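Engineer: This is the structure, below, for whatever I ask next.
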Amino acid sequence: MKKPLTGKKKTLAGAALALGLIVPQAAPSITYAEVMDKDIVKLRILETTDIHVNLVNYDYYQDTATDKYGLAKTATLIKQARSESKNNLLFDNGDLIQGNPLGDYVAKEDPLQDGEIHPVYKAMNLLNYDAGNIGNHEFNYGLDFLGTSLGGSNFPYVNANVYEDDQDGNPDNDKNYFKPYEILDRTVVDEDGEEHAIKVGVIGFVPPQIMQWDKANLEGNVIAKDIIETANKFVPQMKAEGADVIVAIPHSGIGNVTQEGMEENATYDLSKVEGINAILFGHSHGVFPSESYAGIEGVDVKKGTINGVGSVMPGSWGDHLGLVDLELELKDGEWHVTNTQASTRSILNADGTPAVEADQAILDAVKEEHDATIEWVRSAVGETTSPINSYFALVSDDPSVQIVTNAQKWYVEKYIKGTEYDGIPVLSAGAPFKAGTRSNPDYYTDIPAGEIAIKNVSDLYLYPNTLQAVLLTGADVKEWLEMSAGQFNQIDPSKSEEQNLVNGDYRSYNFDVIDGVTYEIDVTQAPKYDAEGKLVNESSSRIKNLMFDGKPIDPDQSFIVATNNYRASGKFPGVKNSEIIIKSPDENRNVIIDYIMEKKTIDPKADGNWAFAPVKGNTNVVFETSLKAQDYIKDSSTYKFLGKQDSGFGKYSIKLKQSDATNPGQEKKFNDVDENHWARDYIYDLTQKNIIKGKTDTIFAPQSNVTRAQFAALIARTLDLHASNTNHFSDVSGDLTPEINAIFEAGITTGVSKGKFAPNQPITRQQMAAMLIRAYNYKTGKEFKATTSENYSDSKNIAPVFKENVNAAHELGFMTGHDDGRFGPLEKASRAQAAKTIYMLLNK
């Protein structure tokens with residue numbers, strides 16, 4: 001298929017080999033006999049990713065040089081790696097033009113104009129990149145700015161899964177917004193010194209979630225499709241067009257072994273697409289290959305392969321360079337990959353000292369924009385009376401979040417004044433962006449008392465998000481907080497050994513604190529949602545004592561929550577069904593700057609609106625944060641420094657508040673309802689209110705059936721119903737007679753037939769749903785109608801007379817079915833299930 005371009009004889013190359021002149025470092029040695037018989041090419045593929053405008057090794061937030069990142073440092077690694085290989089290619093994997101004050105300066109303060117070259121390309125054009133891929137953050141400033149920026153690149157860009165939104169509903173005629181792939185014609189030199197022409201195909205992908213994350217910039221203009229589906233479409237085309245080697249560049253993490261489509265992190269499945277020879281991935285800011293990925297099926301961290309495909313992810317901000325070394329052999333006119341080795345190189349030595357110097361040509365190329373950015377971020381905007389740091393942002397209410405939520409609330413309250421939303425309570429959600437994120441022990445906010453400059457605001461709020469506000473209910477607020485509470489591991493109060501409090505796999509920017517309400521987080525309970533927002537423990541409730549204006553929050557009350565475009569258009573529980581009522585063009589960072597400028601002097605001390613719920617026992621709970629946090633806990637009785645970790649973090653203990661020997665206000669302790677029982681809180685809450693009783697003082701029997709009479713009594717006590725002296729049922733007698741007749745007179749039940757109630761018959765789940773909905777209608781004074789029909793796998797078994805009630809019970813959250821998709825209409829309800837439904841009725 002490919003013929004040598006020169007006629008050099010093998011014997012000349014063999015002589016050179018004998019002298020040891022052309023043995024590259026990265027691939028296994030080639031023997032004399034092999035070279036005599038084979039055309040072998042060693043191709044080195046280099047990757048940078050997630051640079052986030054960190055061109056200079058400079059921390060704009062701390063206003064100081066750094067050795068820990070910067071493309072100027074990576075450039076030196078690139079030149080070293082190229083010098084070791086005769087054949088090499090260099091690619092970038094996006095998230096390039098956004099991420100630090102330099103990026104904001106070029107996009108917002110002194111906007112890039114048509115014909116001007118973005119500083120990222122002033123630097124990268126010097127390095128002779130072969131191609132680049134689009135990352136999700138490329139869309140943060142809008143499509144027009146992206147187009148203007150790309151105009152300064154001397155190398156081509158690819159993306160295959162973003163399409164023009166033609167809005168015709170026909171996917172067959174969709175047109176790519178970018179060029180989906182390139183076929184690069186390159187000349188390579190084999191191990192004999194002979195030249196060959198090869199075609200290298202390169203294809204790029206971005207997470208389809210860009211349509212949520214940058215909805216305001218993209219909706220109506222483009223659509224995004226599944227990464228794997230797209231690869232299966234285009235890779236065969238690339239092969240058909242003559243690609244000898246195909247390099248896939250997904251701006252996507254490795255993902256899970258099992259995926260369901262439209263995944264954010266799809267690299268693992270991409271490695272299974274036939275025809276791909278190397279994968280350069282990113283987005284997750286991790287380093288692959290590394291031991292942190294050992295043990296995943298199909299992953300070889302020694303070879304750097306995923307399902308046999310050479311793959312690399314070189315960290316972020318230019319802290320690593322990625323290398324995939326391929327050995328190619330020409331057989332029967334076609335090139336075949338015969339060996340693969342992937343690796344990364346760090347700009348730091350193992351001991352943390354600099355491994356390379358910055359490339360002066362890169363520094364010179366961007367000096368003008370770099371200096372202008374430094375001047376910009378030093379501009380003063382106000383004064384703070386106390387320090388602002390994020391060292392304890394994951395374990396307590398925190399000033400670095402408080403100032404953000406205060407500013408957002410201030411903005412929204414002014415925005416809605418005189419509108420239809422005026423008078424609706426405004427809450428404000430914020431999260432700690434810099435809290436040791438992604439295993440960086442220096443990644444914290446630390447602003448001393450005194451003058452606040454723009455650089456400090458950029459430190460508080462990293463991203464160019466715009467302010468948005470959503471309209472939702474008190475019930476939604478609780479679910480939002482339940483999702484945020486996934487930040488913490490479950491603590492076992494019975495254990496005396498050390499337990500880590502913070503879940504390191506949960507991103508700190510998803511730990512939303514909602515100011516304007518007060519609440520406690522019970523870390524002894526299992527998280528209700530996983531890190532992706534999937535319901536994993538339906539009955540769990542970590543959020544306790546959720547209060548608004550000093551009273552338990554009304555699940556039906558309307559609230560406005562100030563947040564950002566990322567959260568408002570995302571899929572967070574509690575948020576995903578809300579209505580966006582404010583889409584401000586103003587960035588959250590600018591809102592903070594305006595707030596500080598108006599107030600002149602601020603006191604950002606946290607108001608303590610959330611805390612951990614008291615736990616039983618003397619638990620040994622620890623967490624990690626910066627070593628600098630020691631300076632703030634010298635007189636603390638809550639925190640204690642335990643020592644420095646190998647990771648560079650400090651290890652600290654936290655003393656959680658202890659509860660009494662029994663639950664607060666709880667008179668009874670059931671031996672069969674332990675701390676981890678899914679219905680524990682419901683049972684004890686209702687016991688405390690004398691709505692439900694145990695079988696004995698120490699036995700509740702949560703799995704036992706509940707009878708129709710018992711459930712009727714629970715409803716009567718919940719709604720405080722009282723009957724006349726008339727007994728309407730001939731088969732009803734005994735202690736529960738008044739309660740049964742009370743719910744009959746209230747219209748909540750009619751019995752099983754005229755004059756018959758069947759009090760001792762176990763109540764079925766569909767009967768329970770019917771009683772609950774009638775009770776809810778009585779409580780609210782109006783009839784509730786379900787707006788949707790839940791499609792349970794056993795829906796056909798639900799009696800027609802009960803179907804509407806079952807749908808209503810699901811929509812209200814009273815009864816949501818089993819994890820396997822069944823409702824179980826004819827199943828006998830348990831006492832634990834009854835406790836949950838009555839608790840929901842009481843609090844709805």
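Naming works like this for the structure tokens: A, B, ... for the chains as they're shown, residue 1 at the start of each chain, ligands 1 onward in shown order.
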Could you give me, as a PDB file with N, CA, C and O atoms, in the first residue's frame, each residue of stretch 34-197 of chain A that DSSP assigns to strand (DSSP E or B) when run on this structure's backbone?

Structural biologist:
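Saved to selection25.pdb:
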```pdb
ATOM      1  N   ASP A  39      10.012  -3.383   7.411  1.00  0.00           N
ATOM      2  CA  ASP A  39       9.948  -1.934   7.456  1.00  0.00           C
ATOM      3  C   ASP A  39       9.282  -1.560   8.775  1.00  0.00           C
ATOM      4  O   ASP A  39       8.067  -1.766   8.953  1.00  0.00           O
ATOM      5  N   ILE A  40      10.054  -1.027   9.700  1.00  0.00           N
ATOM      6  CA  ILE A  40       9.538  -0.714  11.034  1.00  0.00           C
ATOM      7  C   ILE A  40       9.712   0.776  11.300  1.00  0.00           C
ATOM      8  O   ILE A  40      10.808   1.329  11.140  1.00  0.00           O
ATOM      9  N   VAL A  41       8.622   1.418  11.711  1.00  0.00           N
ATOM     10  CA  VAL A  41       8.615   2.847  12.023  1.00  0.00           C
ATOM     11  C   VAL A  41       8.198   3.029  13.478  1.00  0.00           C
ATOM     12  O   VAL A  41       7.239   2.414  13.937  1.00  0.00           O
ATOM     13  N   LYS A  42       8.962   3.847  14.159  1.00  0.00           N
ATOM     14  CA  LYS A  42       8.581   4.222  15.523  1.00  0.00           C
ATOM     15  C   LYS A  42       7.977   5.617  15.484  1.00  0.00           C
ATOM     16  O   LYS A  42       8.637   6.581  15.085  1.00  0.00           O
ATOM     17  N   LEU A  43       6.702   5.694  15.885  1.00  0.00           N
ATOM     18  CA  LEU A  43       5.962   6.953  15.821  1.00  0.00           C
ATOM     19  C   LEU A  43       5.618   7.398  17.239  1.00  0.00           C
ATOM     20  O   LEU A  43       4.967   6.661  17.983  1.00  0.00           O
ATOM     21  N   ARG A  44       6.060   8.570  17.587  1.00  0.00           N
ATOM     22  CA  ARG A  44       5.764   9.125  18.924  1.00  0.00           C
ATOM     23  C   ARG A  44       4.648  10.159  18.794  1.00  0.00           C
ATOM     24  O   ARG A  44       4.743  11.107  17.996  1.00  0.00           O
ATOM     25  N   ILE A  45       3.597   9.976  19.594  1.00  0.00           N
ATOM     26  CA  ILE A  45       2.443  10.885  19.592  1.00  0.00           C
ATOM     27  C   ILE A  45       2.419  11.602  20.938  1.00  0.00           C
ATOM     28  O   ILE A  45       2.408  10.957  21.996  1.00  0.00           O
ATOM     29  N   LEU A  46       2.408  12.926  20.907  1.00  0.00           N
ATOM     30  CA  LEU A  46       2.472  13.745  22.117  1.00  0.00           C
ATOM     31  C   LEU A  46       1.140  14.462  22.338  1.00  0.00           C
ATOM     32  O   LEU A  46       0.475  14.859  21.384  1.00  0.00           O
ATOM     33  N   GLU A  47       0.784  14.643  23.624  1.00  0.00           N
ATOM     34  CA  GLU A  47      -0.490  15.307  23.940  1.00  0.00           C
ATOM     35  C   GLU A  47      -0.331  16.306  25.075  1.00  0.00           C
ATOM     36  O   GLU A  47       0.320  16.042  26.084  1.00  0.00           O
ATOM     37  N   THR A  48      -0.978  17.459  24.902  1.00  0.00           N
ATOM     38  CA  THR A  48      -1.271  18.371  26.007  1.00  0.00           C
ATOM     39  C   THR A  48      -2.784  18.435  26.137  1.00  0.00           C
ATOM     40  O   THR A  48      -3.513  18.230  25.162  1.00  0.00           O
ATOM     41  N   TYR A  58       2.565  30.976  36.100  1.00  0.00           N
ATOM     42  CA  TYR A  58       2.233  32.088  36.994  1.00  0.00           C
ATOM     43  C   TYR A  58       0.853  31.863  37.597  1.00  0.00           C
ATOM     44  O   TYR A  58      -0.112  31.521  36.884  1.00  0.00           O
ATOM     45  N   ASP A  59       0.751  32.046  38.938  1.00  0.00           N
ATOM     46  CA  ASP A  59      -0.521  31.944  39.642  1.00  0.00           C
ATOM     47  C   ASP A  59      -1.107  33.346  39.773  1.00  0.00           C
ATOM     48  O   ASP A  59      -0.677  34.132  40.612  1.00  0.00           O
ATOM     49  N   THR A  64       1.918  35.352  41.858  1.00  0.00           N
ATOM     50  CA  THR A  64       3.302  34.916  42.025  1.00  0.00           C
ATOM     51  C   THR A  64       3.628  33.825  41.009  1.00  0.00           C
ATOM     52  O   THR A  64       2.727  33.118  40.532  1.00  0.00           O
ATOM     53  N   ALA A  65       4.918  33.714  40.693  1.00  0.00           N
ATOM     54  CA  ALA A  65       5.358  32.658  39.777  1.00  0.00           C
ATOM     55  C   ALA A  65       5.211  31.296  40.462  1.00  0.00           C
ATOM     56  O   ALA A  65       5.220  31.186  41.689  1.00  0.00           O
ATOM     57  N   ASN A  88       7.336  12.231  15.028  1.00  0.00           N
ATOM     58  CA  ASN A  88       6.467  12.607  16.138  1.00  0.00           C
ATOM     59  C   ASN A  88       5.351  13.525  15.669  1.00  0.00           C
ATOM     60  O   ASN A  88       5.476  14.230  14.671  1.00  0.00           O
ATOM     61  N   LEU A  89       4.281  13.480  16.437  1.00  0.00           N
ATOM     62  CA  LEU A  89       3.112  14.322  16.200  1.00  0.00           C
ATOM     63  C   LEU A  89       2.720  14.935  17.534  1.00  0.00           C
ATOM     64  O   LEU A  89       2.872  14.314  18.587  1.00  0.00           O
ATOM     65  N   LEU A  90       2.168  16.146  17.504  1.00  0.00           N
ATOM     66  CA  LEU A  90       1.763  16.849  18.723  1.00  0.00           C
ATOM     67  C   LEU A  90       0.315  17.309  18.592  1.00  0.00           C
ATOM     68  O   LEU A  90      -0.043  17.975  17.625  1.00  0.00           O
ATOM     69  N   PHE A  91      -0.490  16.953  19.588  1.00  0.00           N
ATOM     70  CA  PHE A  91      -1.909  17.308  19.576  1.00  0.00           C
ATOM     71  C   PHE A  91      -2.297  17.961  20.902  1.00  0.00           C
ATOM     72  O   PHE A  91      -1.723  17.662  21.958  1.00  0.00           O
ATOM     73  N   ASP A  92      -3.310  18.822  20.840  1.00  0.00           N
ATOM     74  CA  ASP A  92      -3.891  19.387  22.060  1.00  0.00           C
ATOM     75  C   ASP A  92      -5.343  18.943  22.180  1.00  0.00           C
ATOM     76  O   ASP A  92      -6.055  18.839  21.176  1.00  0.00           O
ATOM     77  N   ALA A 131      -2.601  19.140  15.303  1.00  0.00           N
ATOM     78  CA  ALA A 131      -4.058  19.329  15.316  1.00  0.00           C
ATOM     79  C   ALA A 131      -4.502  19.547  16.748  1.00  0.00           C
ATOM     80  O   ALA A 131      -3.763  19.269  17.707  1.00  0.00           O
ATOM     81  N   GLY A 132      -5.717  20.052  16.886  1.00  0.00           N
ATOM     82  CA  GLY A 132      -6.295  20.269  18.206  1.00  0.00           C
ATOM     83  C   GLY A 132      -7.736  19.808  18.247  1.00  0.00           C
ATOM     84  O   GLY A 132      -8.410  19.689  17.216  1.00  0.00           O
ATOM     85  N   ASN A 133      -8.220  19.543  19.461  1.00  0.00           N
ATOM     86  CA  ASN A 133      -9.603  19.135  19.697  1.00  0.00           C
ATOM     87  C   ASN A 133     -10.299  20.212  20.538  1.00  0.00           C
ATOM     88  O   ASN A 133      -9.659  20.977  21.235  1.00  0.00           O
ATOM     89  N   TYR A 157      -8.371  22.082  13.574  1.00  0.00           N
ATOM     90  CA  TYR A 157      -9.160  21.614  14.710  1.00  0.00           C
ATOM     91  C   TYR A 157     -10.188  20.591  14.243  1.00  0.00           C
ATOM     92  O   TYR A 157     -10.717  20.681  13.131  1.00  0.00           O
ATOM     93  N   VAL A 158     -10.466  19.627  15.120  1.00  0.00           N
ATOM     94  CA  VAL A 158     -11.442  18.591  14.795  1.00  0.00           C
ATOM     95  C   VAL A 158     -12.435  18.438  15.947  1.00  0.00           C
ATOM     96  O   VAL A 158     -12.095  18.631  17.107  1.00  0.00           O
ATOM     97  N   VAL A 162     -20.382  17.450  17.500  1.00  0.00           N
ATOM     98  CA  VAL A 162     -21.184  18.672  17.593  1.00  0.00           C
ATOM     99  C   VAL A 162     -21.693  19.007  16.198  1.00  0.00           C
ATOM    100  O   VAL A 162     -20.912  19.072  15.240  1.00  0.00           O
ATOM    101  N   TYR A 163     -23.011  19.206  16.094  1.00  0.00           N
ATOM    102  CA  TYR A 163     -23.662  19.421  14.796  1.00  0.00           C
ATOM    103  C   TYR A 163     -24.444  20.727  14.796  1.00  0.00           C
ATOM    104  O   TYR A 163     -24.872  21.218  15.848  1.00  0.00           O
ATOM    105  N   GLU A 164     -24.628  21.277  13.628  1.00  0.00           N
ATOM    106  CA  GLU A 164     -25.512  22.423  13.479  1.00  0.00           C
ATOM    107  C   GLU A 164     -26.935  22.016  13.857  1.00  0.00           C
ATOM    108  O   GLU A 164     -27.383  20.918  13.541  1.00  0.00           O
ATOM    109  N   ASN A 176     -22.041  18.546  10.490  1.00  0.00           N
ATOM    110  CA  ASN A 176     -21.081  18.829  11.551  1.00  0.00           C
ATOM    111  C   ASN A 176     -20.804  20.323  11.653  1.00  0.00           C
ATOM    112  O   ASN A 176     -20.673  21.012  10.637  1.00  0.00           O
ATOM    113  N   TYR A 181     -12.975  15.229  11.320  1.00  0.00           N
ATOM    114  CA  TYR A 181     -11.668  14.574  11.398  1.00  0.00           C
ATOM    115  C   TYR A 181     -10.750  15.144  10.322  1.00  0.00           C
ATOM    116  O   TYR A 181     -11.189  15.809   9.383  1.00  0.00           O
ATOM    117  N   GLU A 182      -9.470  14.880  10.497  1.00  0.00           N
ATOM    118  CA  GLU A 182      -8.461  15.244   9.504  1.00  0.00           C
ATOM    119  C   GLU A 182      -7.668  13.995   9.148  1.00  0.00           C
ATOM    120  O   GLU A 182      -7.445  13.128   9.998  1.00  0.00           O
ATOM    121  N   ILE A 183      -7.250  13.918   7.886  1.00  0.00           N
ATOM    122  CA  ILE A 183      -6.292  12.894   7.471  1.00  0.00           C
ATOM    123  C   ILE A 183      -4.989  13.627   7.181  1.00  0.00           C
ATOM    124  O   ILE A 183      -4.884  14.374   6.202  1.00  0.00           O
ATOM    125  N   LEU A 184      -4.022  13.463   8.064  1.00  0.00           N
ATOM    126  CA  LEU A 184      -2.752  14.180   7.949  1.00  0.00           C
ATOM    127  C   LEU A 184      -1.764  13.354   7.131  1.00  0.00           C
ATOM    128  O   LEU A 184      -1.489  12.192   7.455  1.00  0.00           O
ATOM    129  N   ASP A 185      -1.240  13.943   6.073  1.00  0.00           N
ATOM    130  CA  ASP A 185      -0.201  13.292   5.279  1.00  0.00           C
ATOM    131  C   ASP A 185       1.160  13.615   5.885  1.00  0.00           C
ATOM    132  O   ASP A 185       1.541  14.787   5.976  1.00  0.00           O
ATOM    133  N   ARG A 186       1.863  12.586   6.302  1.00  0.00           N
ATOM    134  CA  ARG A 186       3.152  12.786   6.940  1.00  0.00           C
ATOM    135  C   ARG A 186       4.198  11.850   6.330  1.00  0.00           C
ATOM    136  O   ARG A 186       3.868  10.759   5.846  1.00  0.00           O
ATOM    137  N   THR A 187       5.441  12.293   6.360  1.00  0.00           N
ATOM    138  CA  THR A 187       6.558  11.465   5.935  1.00  0.00           C
ATOM    139  C   THR A 187       7.312  11.004   7.173  1.00  0.00           C
ATOM    140  O   THR A 187       7.662  11.822   8.042  1.00  0.00           O
ATOM    141  N   VAL A 188       7.524   9.697   7.290  1.00  0.00           N
ATOM    142  CA  VAL A 188       8.217   9.137   8.439  1.00  0.00           C
ATOM    143  C   VAL A 188       9.471   8.402   7.965  1.00  0.00           C
ATOM    144  O   VAL A 188       9.589   8.007   6.797  1.00  0.00           O
ATOM    145  N   VAL A 189      10.382   8.212   8.897  1.00  0.00           N
ATOM    146  CA  VAL A 189      11.631   7.510   8.613  1.00  0.00           C
ATOM    147  C   VAL A 189      11.644   6.213   9.402  1.00  0.00           C
ATOM    148  O   VAL A 189      11.417   6.217  10.615  1.00  0.00           O
ATOM    149  N   GLU A 195      12.473   6.592   4.023  1.00  0.00           N
ATOM    150  CA  GLU A 195      11.282   7.419   4.204  1.00  0.00           C
ATOM    151  C   GLU A 195      10.045   6.712   3.660  1.00  0.00           C
ATOM    152  O   GLU A 195      10.117   5.983   2.664  1.00  0.00           O
ATOM    153  N   HIS A 196       8.917   6.958   4.341  1.00  0.00           N
ATOM    154  CA  HIS A 196       7.628   6.411   3.925  1.00  0.00           C
ATOM    155  C   HIS A 196       6.576   7.498   4.073  1.00  0.00           C
ATOM    156  O   HIS A 196       6.644   8.334   4.979  1.00  0.00           O
ATOM    157  N   ALA A 197       5.605   7.467   3.223  1.00  0.00           N
ATOM    158  CA  ALA A 197       4.447   8.356   3.354  1.00  0.00           C
ATOM    159  C   ALA A 197       3.352   7.605   4.107  1.00  0.00           C
ATOM    160  O   ALA A 197       2.991   6.487   3.735  1.00  0.00           O
TER     161      ALA A 197
END
```

Engineer: Find the spatial neighbours of A:Leu812, counting only C-alpha atoms, within a cut-off of 9 Å - ignore same-chain residues fewer than 6 positions away - and output them as an mmCIF file with C-alpha atoms, in the first residue's frame.

Structural biologist:
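Writing done, so here's part_6.cif:
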```cif
data_model
loop_
_atom_site.group_PDB
_atom_site.id
_atom_site.type_symbol
_atom_site.label_atom_id
_atom_site.label_comp_id
_atom_site.auth_asym_id
_atom_site.auth_seq_id
_atom_site.Cartn_x
_atom_site.Cartn_y
_atom_site.Cartn_z
ATOM 1 C CA ALA A 786 -51.844 13.152 39.077
ATOM 2 C CA MET A 840 -44.794 11.910 54.308
ATOM 3 C CA LYS A 844 -46.409 17.224 52.937
#
```

Engineer: Work out how far apart atom CA of A:Ile691 and atom CA of A:Asn807 are and give it in Å to one decimal.

Structural biologist: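 These two atoms are separated by 25.9 Å.
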
Engineer: Could you name the residues that touch A:Tyr506 at 8 Å or less, counting only C-alpha atoms, but leaving out those on the same chain fewer than 5 positions away, as a list in words?

Structural biologist: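 In the requested form, the answer reads Gly486, Gln487 and Ala531 of chain A.
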
Engineer: Taking C-alpha atoms for each residue, export the selection above as a PDB file, in the first residue's frame.

Structural biologist:
```
ATOM      1  CA  GLY A 486     -23.214  13.286  49.005  1.00  0.00           C
ATOM      2  CA  GLN A 487     -19.977  15.192  49.728  1.00  0.00           C
ATOM      3  CA  ALA A 531     -22.239  11.735  42.641  1.00  0.00           C
TER       4      ALA A 531
END
```

Engineer: Tell me, in Å to one decimal, how far atom CA of A:Ala475 is from atom CA of A:Lys551.

Structural biologist: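 One can read the atom CA of A:Ala475 to atom CA of A:Lys551 distance as 14.4 Å.
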
Engineer: How many Å separate atom CA of A:Asp130 from atom CA of A:Asn154?

Structural biologist: 8.9 Å

Engineer: Please tabulate, as JSON lines, the residues of stretch 149-268 of chain A that come within 12 Å of stretch 332-338 of chain A, each with its closest pair of atoms and the distance in Å to one decimal, counting only C-alpha atoms and ordering rows by chain, then residue number upward.

Structural biologist:
```
{"residue": "A:Asp190", "atom": "CA", "partner": "A:Trp335", "partner_atom": "CA", "distance": 11.9}
{"residue": "A:His196", "atom": "CA", "partner": "A:Trp335", "partner_atom": "CA", "distance": 10.6}
{"residue": "A:Ala197", "atom": "CA", "partner": "A:Trp335", "partner_atom": "CA", "distance": 10.8}
{"residue": "A:Ile198", "atom": "CA", "partner": "A:Trp335", "partner_atom": "CA", "distance": 8.5}
{"residue": "A:Lys199", "atom": "CA", "partner": "A:Trp335", "partner_atom": "CA", "distance": 10.0}
{"residue": "A:Val200", "atom": "CA", "partner": "A:Trp335", "partner_atom": "CA", "distance": 11.0}
{"residue": "A:Lys239", "atom": "CA", "partner": "A:Glu334", "partner_atom": "CA", "distance": 11.6}
{"residue": "A:Gly242", "atom": "CA", "partner": "A:Glu334", "partner_atom": "CA", "distance": 10.0}
{"residue": "A:Ala243", "atom": "CA", "partner": "A:Trp335", "partner_atom": "CA", "distance": 9.7}
{"residue": "A:Asp244", "atom": "CA", "partner": "A:Trp335", "partner_atom": "CA", "distance": 6.0}
{"residue": "A:Val245", "atom": "CA", "partner": "A:Trp335", "partner_atom": "CA", "distance": 7.8}
{"residue": "A:Ile246", "atom": "CA", "partner": "A:Val337", "partner_atom": "CA", "distance": 10.7}
```

Engineer: Please produce a file of the residues just selected, as a short mmCIF file (atom, residue, chain, number, x, y, z; two decimals), in the first residue's frame, where the atoms kept are N, CA and C atoms.

Structural biologist:
```cif
data_model
loop_
_atom_site.label_atom_id
_atom_site.label_comp_id
_atom_site.auth_asym_id
_atom_site.auth_seq_id
_atom_site.Cartn_x
_atom_site.Cartn_y
_atom_site.Cartn_z
N ASP A 190 11.89 5.09 8.69
CA ASP A 190 11.90 3.81 9.40
C ASP A 190 13.25 3.57 10.06
N HIS A 196 8.92 6.96 4.34
CA HIS A 196 7.63 6.41 3.93
C HIS A 196 6.58 7.50 4.07
N ALA A 197 5.61 7.47 3.22
CA ALA A 197 4.45 8.36 3.35
C ALA A 197 3.35 7.61 4.11
N ILE A 198 2.84 8.21 5.18
CA ILE A 198 1.72 7.59 5.89
C ILE A 198 0.63 8.63 6.08
N LYS A 199 -0.56 8.12 6.30
CA LYS A 199 -1.72 8.98 6.55
C LYS A 199 -2.17 8.74 8.00
N VAL A 200 -2.19 9.81 8.77
CA VAL A 200 -2.61 9.73 10.17
C VAL A 200 -3.97 10.40 10.30
N LYS A 239 -10.87 5.11 7.74
CA LYS A 239 -10.13 3.97 7.20
C LYS A 239 -10.33 3.89 5.69
N GLY A 242 -8.18 6.00 3.64
CA GLY A 242 -6.76 5.67 3.59
C GLY A 242 -5.96 5.91 4.85
N ALA A 243 -6.62 6.19 5.98
CA ALA A 243 -5.88 6.42 7.22
C ALA A 243 -5.13 5.14 7.62
N ASP A 244 -3.81 5.26 7.77
CA ASP A 244 -3.01 4.12 8.20
C ASP A 244 -3.02 3.98 9.72
N VAL A 245 -3.07 5.11 10.41
CA VAL A 245 -3.12 5.15 11.86
C VAL A 245 -4.23 6.11 12.25
N ILE A 246 -5.03 5.75 13.24
CA ILE A 246 -6.11 6.64 13.68
C ILE A 246 -5.90 7.00 15.15
#
```

Engineer: Could you please write out, as a ChimeraX atom specification, every residue of stretch 493-632 of chain A that DSSP assigns to alpha helix (DSSP H)?

Structural biologist: /A:565-568,588-599

Engineer: Include N, CA, C and O atoms and write out the residues we just selected as a compact mmCIF listing (two decimals), in the first residue's frame.

Structural biologist:
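Everything below was put into selection09.txt:
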```
# COMPACT_ATOMS: atom_id res chain seq x y z
N ASN A 565 -25.67 29.51 35.77
CA ASN A 565 -26.24 28.85 34.59
C ASN A 565 -25.90 27.36 34.56
O ASN A 565 -26.68 26.54 34.07
N TYR A 566 -24.74 27.00 35.08
CA TYR A 566 -24.32 25.59 35.10
C TYR A 566 -25.28 24.76 35.92
O TYR A 566 -25.74 23.71 35.49
N ARG A 567 -25.60 25.24 37.14
CA ARG A 567 -26.49 24.49 38.02
C ARG A 567 -27.94 24.57 37.56
O ARG A 567 -28.67 23.59 37.57
N ALA A 568 -28.36 25.75 37.15
CA ALA A 568 -29.78 25.95 36.81
C ALA A 568 -30.22 25.09 35.65
O ALA A 568 -31.36 24.63 35.59
N ASN A 588 -21.33 35.74 37.60
CA ASN A 588 -21.37 35.69 39.06
C ASN A 588 -20.19 36.46 39.66
O ASN A 588 -20.33 37.14 40.68
N ARG A 589 -19.04 36.38 39.01
CA ARG A 589 -17.86 37.07 39.51
C ARG A 589 -18.07 38.59 39.49
O ARG A 589 -17.71 39.29 40.44
N ASN A 590 -18.67 39.08 38.42
CA ASN A 590 -18.93 40.51 38.34
C ASN A 590 -19.98 40.96 39.35
O ASN A 590 -19.94 42.08 39.85
N VAL A 591 -20.93 40.06 39.64
CA VAL A 591 -21.92 40.35 40.67
C VAL A 591 -21.22 40.52 42.02
O VAL A 591 -21.54 41.44 42.80
N ILE A 592 -20.24 39.65 42.30
CA ILE A 592 -19.49 39.75 43.56
C ILE A 592 -18.70 41.06 43.60
O ILE A 592 -18.68 41.76 44.62
N ILE A 593 -18.06 41.40 42.48
CA ILE A 593 -17.30 42.65 42.41
C ILE A 593 -18.22 43.85 42.64
O ILE A 593 -17.91 44.76 43.43
N ASP A 594 -19.39 43.87 41.99
CA ASP A 594 -20.34 44.97 42.16
C ASP A 594 -20.83 45.06 43.60
O ASP A 594 -21.00 46.15 44.15
N TYR A 595 -21.07 43.89 44.20
CA TYR A 595 -21.54 43.84 45.59
C TYR A 595 -20.51 44.45 46.53
O TYR A 595 -20.83 45.29 47.40
N ILE A 596 -19.26 44.06 46.36
CA ILE A 596 -18.19 44.58 47.23
C ILE A 596 -18.00 46.08 46.99
O ILE A 596 -17.83 46.86 47.94
N MET A 597 -18.07 46.49 45.73
CA MET A 597 -17.88 47.92 45.42
C MET A 597 -19.00 48.77 46.03
O MET A 597 -18.77 49.88 46.49
N GLU A 598 -20.22 48.24 46.05
CA GLU A 598 -21.33 49.00 46.63
C GLU A 598 -21.24 49.05 48.15
O GLU A 598 -21.47 50.08 48.78
N LYS A 599 -20.88 47.90 48.74
CA LYS A 599 -20.80 47.83 50.20
C LYS A 599 -19.54 48.50 50.73
O LYS A 599 -19.49 48.88 51.91
```
